[in-house]
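The block underneath contains the structure these notes are about, expressed in structure tokens.
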Amino acid sequence: MPQVFKIGAYWVYFWANENEPLEPVHVHISEGAPVANGTKVWITKSGKCLRCNNDSHIPEKVLRNIIRVIEARSGEVIEKWVDFFGEATFFC
């Protein structure tokens with residue numbers, strides 16, 4: 001799975017086998033290596049994050065901090081999404 005970046009022990013990554021049609025821009029988060037049921041966060045057009053789920057059971061305080069970093073680096077996330085998938089659509 002393509003790693004976008006790491007925050008401490010947590011990976012922020014794309015799942016390489018996204019559905020057809022391609023889902024809107026989002027990242028998965030898990031502690032350590034990527035997992036199929038990682039926490040999922042949508043990236044909006046404005047660069048904000050919407051938590052879809054917390055299937056990785058990341059503690060709330062830790063997840064809030066990770067989301068702040070993702071929001072601060074949302075331009076980079078979107079750019080890497082387009083580089084990897086070739087297009088970008090947004091949940092909202």
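Ordering of the structure tokens sets the chain letters (A, B, ...), residue numbers begin anew at 1 in every chain, and ligands are numbered from 1 in the order given.
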
Long-range neighbours of stretch 40-56 of chain A as a PyMOL selection string, 10 Å cut-off, only C-alpha atoms, 4 positions minimum in chain: chain A and resi 12-14+23-31+35-36+60+63-64+67-68+70-75+77-78+88-92

Could you give me, as a PyMOL selection string, each residue of chain A that DSSP assigns to alpha helix (DSSP H) when run on this structure's backbone? chain A and resi 60-72+74-85

May I ask for the distance between atom CA of A:Pro2 and atom CA of A:Thr39, given in Å to one decimal place?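 Going from atom CA of A:Pro2 over to atom CA of A:Thr39 covers 15.3 Å.
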
Selection near A:Phe84, 9 Å with only C-alpha atoms, sequence-local residues under 4 positions removed, as a PyMOL selection string: chain A and resi 2+16+79-80

In terms of only C-alpha atoms, the residue from A:Ala33, A:Glu76, A:Leu22, A:Tyr10 at minimal distance from A:Ile58 is A:Tyr10

Expected answer as a PyMOL selection string: strand (DSSP E or B) residues in chain A: chain A and resi 3-7+10-13+26-31+39-43+49-53

Could you tell me how far atom CA of A:Trp81 lies from atom CA of A:Phe5, in Å and to one decimal?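 Atom-to-atom, atom CA of A:Trp81 and atom CA of A:Phe5 are spaced 12.4 Å apart.
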